[in-house]
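Text of model29.cif, listed as mmCIF, C-alpha atoms:
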```cif
data_my_file
#
loop_
_atom_site.label_atom_id
_atom_site.label_comp_id
_atom_site.auth_asym_id
_atom_site.auth_seq_id
_atom_site.Cartn_x
_atom_site.Cartn_y
_atom_site.Cartn_z
CA GLU A 18 9.36 8.80 -2.32
CA TYR A 19 11.30 11.82 -1.06
CA ALA A 20 10.69 11.02 2.63
CA TRP A 21 11.94 7.47 2.14
CA THR A 22 14.86 8.20 -0.20
CA GLU A 23 16.20 11.21 1.69
CA LYS A 24 15.25 10.45 5.31
CA GLN A 25 14.28 6.74 5.44
CA LEU A 26 10.88 7.81 6.81
CA TYR A 27 7.74 5.86 6.10
CA HIS A 28 4.40 7.63 6.55
CA GLY A 29 2.47 4.78 8.17
CA ASN A 30 -1.03 6.12 7.44
CA ILE A 31 -1.46 6.79 3.72
CA LYS A 32 -5.18 6.96 2.93
CA PRO A 33 -7.48 9.22 0.87
CA ASP A 34 -8.02 11.62 3.80
CA ASN A 35 -4.27 12.30 3.94
CA LEU A 36 -3.82 13.19 0.26
CA ILE A 37 -4.20 16.74 -1.01
CA VAL A 38 -4.53 16.99 -4.79
CA HIS A 39 -3.96 20.43 -6.30
CA SER A 40 -5.49 21.75 -9.52
CA ASP A 41 -2.19 21.10 -11.34
CA GLU A 42 -2.53 17.39 -10.33
CA SER A 43 0.40 17.59 -7.92
CA THR A 44 -0.29 15.67 -4.73
CA LEU A 45 0.86 16.32 -1.19
CA ILE A 46 0.73 13.85 1.66
CA SER A 47 -0.49 15.33 4.93
CA ASP A 48 -0.54 14.15 8.54
CA MET A 49 3.01 13.02 9.09
CA GLY A 50 2.17 12.34 12.75
CA LEU A 51 2.75 8.59 12.43
CA ALA A 52 5.86 8.86 10.23
CA ARG A 53 8.68 6.71 11.56
CA LYS A 54 12.29 5.96 10.85
CA ASP A 55 13.02 3.37 13.49
CA PRO A 56 11.00 1.12 15.78
CA ILE A 57 9.57 2.79 18.88
CA LEU A 58 11.67 1.98 21.96
CA ASP A 59 10.52 2.00 25.57
CA PRO A 60 12.94 4.44 27.23
CA ALA A 61 12.84 2.51 30.52
CA THR A 62 13.71 -0.91 29.08
CA GLY A 63 15.23 -0.13 25.69
CA ARG A 64 12.93 -2.76 24.15
CA VAL A 65 10.84 -2.30 21.05
CA VAL A 66 7.29 -1.31 21.89
CA GLU A 67 4.74 -3.12 19.75
CA ILE A 68 2.37 -0.33 18.87
CA ILE A 69 0.14 -0.95 15.91
CA VAL A 70 -0.84 2.37 14.39
CA GLY A 71 -2.62 3.27 11.19
CA THR A 72 -6.05 3.01 9.62
CA PRO A 73 -7.04 -0.68 9.41
CA ASN A 74 -8.55 -0.48 5.91
CA TYR A 75 -5.27 0.82 4.47
CA MET A 76 -2.70 -0.91 6.71
CA SER A 77 -0.11 -3.26 5.29
CA PRO A 78 0.07 -6.79 6.66
CA GLU A 79 3.43 -6.02 8.26
CA GLN A 80 1.87 -3.06 10.10
CA VAL A 81 -0.97 -5.27 11.29
CA GLN A 82 1.57 -7.74 12.65
CA GLY A 83 3.54 -5.03 14.45
CA SER A 84 6.70 -5.85 12.51
CA GLN A 85 9.94 -4.16 13.49
CA HIS A 86 11.04 -4.26 9.83
CA ILE A 87 8.80 -1.67 8.21
CA ASP A 88 10.03 0.43 5.33
CA CYS A 89 8.67 2.23 2.25
CA ARG A 90 6.91 -0.94 1.11
CA THR A 91 4.31 -0.46 3.83
CA ASP A 92 3.42 2.92 2.31
CA ILE A 93 3.38 1.37 -1.17
CA TYR A 94 0.80 -1.15 0.11
CA SER A 95 -1.25 1.65 1.68
CA LEU A 96 -1.13 3.70 -1.52
CA GLY A 97 -2.35 0.60 -3.39
CA ALA A 98 -5.28 0.33 -0.94
CA THR A 99 -5.96 4.04 -1.44
CA LEU A 100 -5.90 3.67 -5.22
CA TYR A 101 -8.20 0.64 -4.90
CA HIS A 102 -10.67 2.80 -2.97
CA LEU A 103 -10.42 5.71 -5.43
CA ALA A 104 -10.70 3.47 -8.51
CA THR A 105 -13.60 1.34 -7.29
CA GLY A 106 -15.45 3.60 -4.87
CA PHE A 107 -15.09 0.91 -2.20
CA MET A 108 -12.82 1.15 0.82
CA PRO A 109 -10.91 -2.12 1.30
CA PHE A 110 -12.76 -4.37 3.75
CA ALA A 111 -15.31 -1.63 4.47
CA ASP A 112 -17.83 -4.20 5.73
CA THR A 113 -15.74 -4.84 8.86
CA ALA A 114 -14.00 -2.71 11.46
CA GLY A 115 -10.92 -2.60 13.67
CA GLU A 116 -9.33 -5.91 14.57
CA THR A 117 -11.43 -7.87 12.05
CA THR A 118 -10.34 -5.57 9.22
CA MET A 119 -6.73 -5.97 10.28
CA GLN A 120 -7.05 -9.76 10.21
CA ARG A 121 -8.59 -9.54 6.75
CA GLN A 122 -5.52 -7.61 5.56
CA LEU A 123 -3.52 -10.72 6.49
CA TYR A 124 -5.68 -13.44 4.95
CA ASP A 125 -8.52 -12.21 2.71
CA CYS A 126 -8.78 -11.01 -0.87
CA LEU A 127 -10.68 -8.22 -2.56
CA PRO A 128 -12.18 -8.40 -6.06
CA ASN A 129 -10.01 -7.11 -8.87
CA PRO A 130 -10.75 -3.41 -9.50
CA ARG A 131 -11.71 -4.18 -13.12
CA ASP A 132 -14.43 -6.53 -11.86
CA ILE A 133 -16.00 -3.52 -10.13
CA ASN A 134 -15.16 -0.79 -12.65
CA SER A 135 -14.38 -1.99 -16.17
CA GLU A 136 -13.09 1.48 -17.12
CA ILE A 137 -9.98 0.93 -15.00
CA SER A 138 -7.07 0.06 -17.27
CA PRO A 139 -5.50 -3.38 -16.91
CA ALA A 140 -2.19 -1.61 -16.17
CA LEU A 141 -3.65 0.37 -13.25
CA ALA A 142 -5.46 -2.69 -11.90
CA GLY A 143 -2.22 -4.66 -12.22
CA ALA A 144 -0.22 -2.00 -10.39
CA ILE A 145 -2.78 -1.99 -7.55
CA VAL A 146 -2.56 -5.78 -7.30
CA LYS A 147 1.24 -5.65 -7.12
CA MET A 148 1.23 -2.79 -4.60
CA MET A 149 -1.02 -4.85 -2.34
CA VAL A 150 0.95 -8.09 -2.33
CA LYS A 151 0.83 -9.35 1.24
CA ASN A 152 4.53 -10.26 1.53
CA PRO A 153 6.58 -7.04 1.31
CA ASP A 154 9.46 -8.98 -0.29
CA LYS A 155 7.19 -9.75 -3.28
CA ARG A 156 5.72 -6.24 -3.52
CA TYR A 157 7.34 -3.31 -5.37
CA ALA A 158 10.72 -2.92 -3.68
CA THR A 159 11.06 0.82 -4.26
CA TRP A 160 8.93 3.86 -4.87
CA ASP A 161 10.69 4.27 -8.22
CA GLU A 162 9.38 0.86 -9.41
CA ALA A 163 5.82 1.63 -8.29
CA VAL A 164 5.82 5.15 -9.73
CA THR A 165 7.21 3.90 -13.06
CA ASP A 166 4.31 1.43 -13.43
CA LEU A 167 1.76 4.03 -12.33
CA LYS A 168 3.10 6.48 -14.92
CA ARG A 169 2.89 3.75 -17.57
CA ALA A 170 -0.71 3.10 -16.54
CA LYS A 171 -1.47 6.79 -17.13
CA THR A 172 0.04 6.82 -20.62
CA SER A 173 -0.27 4.73 -23.74
CA ARG A 174 2.74 2.66 -22.60
CA GLN A 175 0.50 0.41 -20.53
CA VAL A 176 2.19 -2.67 -19.17
CA VAL A 177 0.50 -5.01 -16.72
CA PRO A 178 3.03 -5.68 -13.96
CA ARG A 179 4.00 -9.33 -13.53
CA LEU A 180 3.75 -10.99 -10.14
CA ASP A 181 6.21 -13.45 -8.74
CA ASP A 182 4.66 -16.95 -8.88
CA THR A 183 4.68 -17.10 -5.08
CA ALA A 184 3.15 -13.64 -4.54
CA PHE A 185 -0.23 -13.55 -2.83
CA SER A 186 -2.05 -10.24 -3.13
CA THR A 187 -4.90 -8.76 -1.15
CA VAL A 188 -6.44 -8.04 -4.58
CA LYS A 189 -7.24 -10.84 -6.99
CA PRO A 190 -4.86 -10.58 -9.96
CA LEU A 191 -5.86 -10.25 -13.59
CA ALA A 192 -5.52 -13.42 -15.65
CA SER A 193 -2.62 -11.76 -17.53
CA GLN A 194 -0.72 -11.25 -14.24
CA THR A 195 -0.49 -14.88 -13.24
#
```
Let me see the file written as structure tokens.
Amino acid sequence: EYAWTEKQLYHGNIKPDNLIVHSDESTLISDMGLARKDPILDPATGRVVEIIVGTPNYMSPEQVQGSQHIDCRTDIYSLGATLYHLATGFMPFADTAGETTMQRQLYDCLPNPRDINSEISPALAGAIVKMMVKNPDKRYATWDEAVTDLKRAKTSRQVVPRLDDTAFSTVKPLASQT
């Protein structure tokens, strides 16, 4: 949230390996090597270079497509994929690799986390679904929105986030989300 709000930087590679959780439950994000503010330009031509970087199992659809319009919502998607992995024990699209995994981020769905682990709260499952909506315009628009719902999921103020009727998520929604 800080990197985006203060510097308009997106991380571009949020995944479990890049999270450091301390004993006080504070979390740090490591490996800022792919963090970007603007598209990468070829110095010789001044044109945008289409470089697709990230870890396929956690990449947002807009990353997969090499979009020039990437912002904090790509990291929100990747955090949703990370939470999916941590909550279910299954990495998204772990049965495929590379290009195939990236294509699956565009078109395929994963089971709802509660179908794999019934101990996951409906609010957390709902937040993961909303974080992983394929169209960034239908996803959480800001870190503040995502963090608010994640905090609610952690407390007794559980609210299952509602999805826009036209939102298509990588994760199958709960019946109460549709």
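Residue nearest Ala158 (chain A), chosen from A:Pro33, A:Ser43, A:Ser84, A:Arg90 and counting all atoms listed in the file: A:Arg90.
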Running the PyMOL selection byres ((chain A and resi 147-150) around 6) on this model by hand, what would come out? Give it as a list in words.
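Here the PyMOL selection byres ((chain A and resi 147-150) around 6) matches Ile93, Tyr94, Gly97, Ala144, Ile145, Val146, Lys151, Asn152, Arg156, Phe185, Ser186 and Thr187 of chain A.
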Once you have the residues from the selection above, write them out as a compact mmCIF listing (two decimals), in the coordinates of the input, restricted to C-alpha atoms.
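Just written: again.txt:
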```txt
# COMPACT_ATOMS: atom_id res chain seq x y z
CA ILE A 93 3.38 1.37 -1.17
CA TYR A 94 0.80 -1.15 0.11
CA GLY A 97 -2.35 0.60 -3.39
CA ALA A 144 -0.22 -2.00 -10.39
CA ILE A 145 -2.78 -1.99 -7.55
CA VAL A 146 -2.56 -5.78 -7.30
CA LYS A 151 0.83 -9.35 1.24
CA ASN A 152 4.53 -10.26 1.53
CA ARG A 156 5.72 -6.24 -3.52
CA PHE A 185 -0.23 -13.55 -2.83
CA SER A 186 -2.05 -10.24 -3.13
CA THR A 187 -4.90 -8.76 -1.15
```
Nearest residue to Thr99 (chain A) out of A:Leu180, A:Leu167, A:Leu36, A:Ile87, using all atoms listed in the file?
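Counting all atoms listed in the file, the residue closest to Thr99 (chain A) is A:Leu36.
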Within 12 Å of Ala170 (chain A), counting all atoms listed in the file, which residues qualify if same-chain residues fewer than 5 places away don't, as a PDB file with C-alpha atoms, in the coordinates of the input?
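In the end it all went to result-v6.pdb:
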```
ATOM      1  CA  ILE A 137      -9.980   0.930 -15.000  1.00  0.00           C
ATOM      2  CA  SER A 138      -7.070   0.060 -17.270  1.00  0.00           C
ATOM      3  CA  PRO A 139      -5.500  -3.380 -16.910  1.00  0.00           C
ATOM      4  CA  ALA A 140      -2.190  -1.610 -16.170  1.00  0.00           C
ATOM      5  CA  LEU A 141      -3.650   0.370 -13.250  1.00  0.00           C
ATOM      6  CA  ALA A 142      -5.460  -2.690 -11.900  1.00  0.00           C
ATOM      7  CA  GLY A 143      -2.220  -4.660 -12.220  1.00  0.00           C
ATOM      8  CA  ALA A 144      -0.220  -2.000 -10.390  1.00  0.00           C
ATOM      9  CA  ILE A 145      -2.780  -1.990  -7.550  1.00  0.00           C
ATOM     10  CA  ALA A 163       5.820   1.630  -8.290  1.00  0.00           C
ATOM     11  CA  VAL A 164       5.820   5.150  -9.730  1.00  0.00           C
ATOM     12  CA  THR A 165       7.210   3.900 -13.060  1.00  0.00           C
ATOM     13  CA  GLN A 175       0.500   0.410 -20.530  1.00  0.00           C
ATOM     14  CA  VAL A 176       2.190  -2.670 -19.170  1.00  0.00           C
ATOM     15  CA  VAL A 177       0.500  -5.010 -16.720  1.00  0.00           C
ATOM     16  CA  PRO A 178       3.030  -5.680 -13.960  1.00  0.00           C
TER      17      PRO A 178
END
```
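Nearest to Thr113 (chain A) of all the residues A:Ser40, A:Ala61, A:Pro73, A:Thr159 is A:Pro73, based on all atoms listed in the file.
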On this structure, the PyMOL selection byres ((chain A and resi 76) around 9) would catch which residues? List them as a VMD selection string, sorted by chain and number.
chain A and resid 29 to 31 70 to 75 77 to 81 91 to 92 94 to 95 98 119 122
Could you please determine the separation between CA of Leu127 (chain A) and CA of Thr183 (chain A) in Å, to one decimal place?
17.9 Å
Quote the spacing between CA of Met108 (chain A) and CA of Pro130 (chain A) in Å to one decimal place.
11.5 Å
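Across A:Gln85, A:Thr105, A:Thr118, A:Asn129, the tightest approach to Val188 (chain A) is made by A:Asn129 when counting all atoms listed in the file.
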Restricting the calculation to all atoms listed in the file, which member of A:Leu123, A:Ile133, A:Ala114, A:Ala184 is positioned closest to Tyr101 (chain A)?
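With all atoms listed in the file as the atom set, the closest residue is A:Ile133.
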Please indicate the distance in Å from CA of Thr44 (chain A) to CA of Gln82 (chain A), rounded to one decimal place.
29.2 Å
For Pro109 (chain A), which of A:Asp125, A:Glu162, A:Asp182, A:Asp41 is the closest residue, counting only C-alpha atoms?
A:Asp125
Listed atoms of region 81-90 of chain A, axis-aligned box, 3 Å per side: centre and edge lengths to one decimal in Å, as JSON?
```
{"center_x": 5.0, "center_y": -2.8, "center_z": 7.8, "size_x": 18.0, "size_y": 16.0, "size_z": 19.3}
```
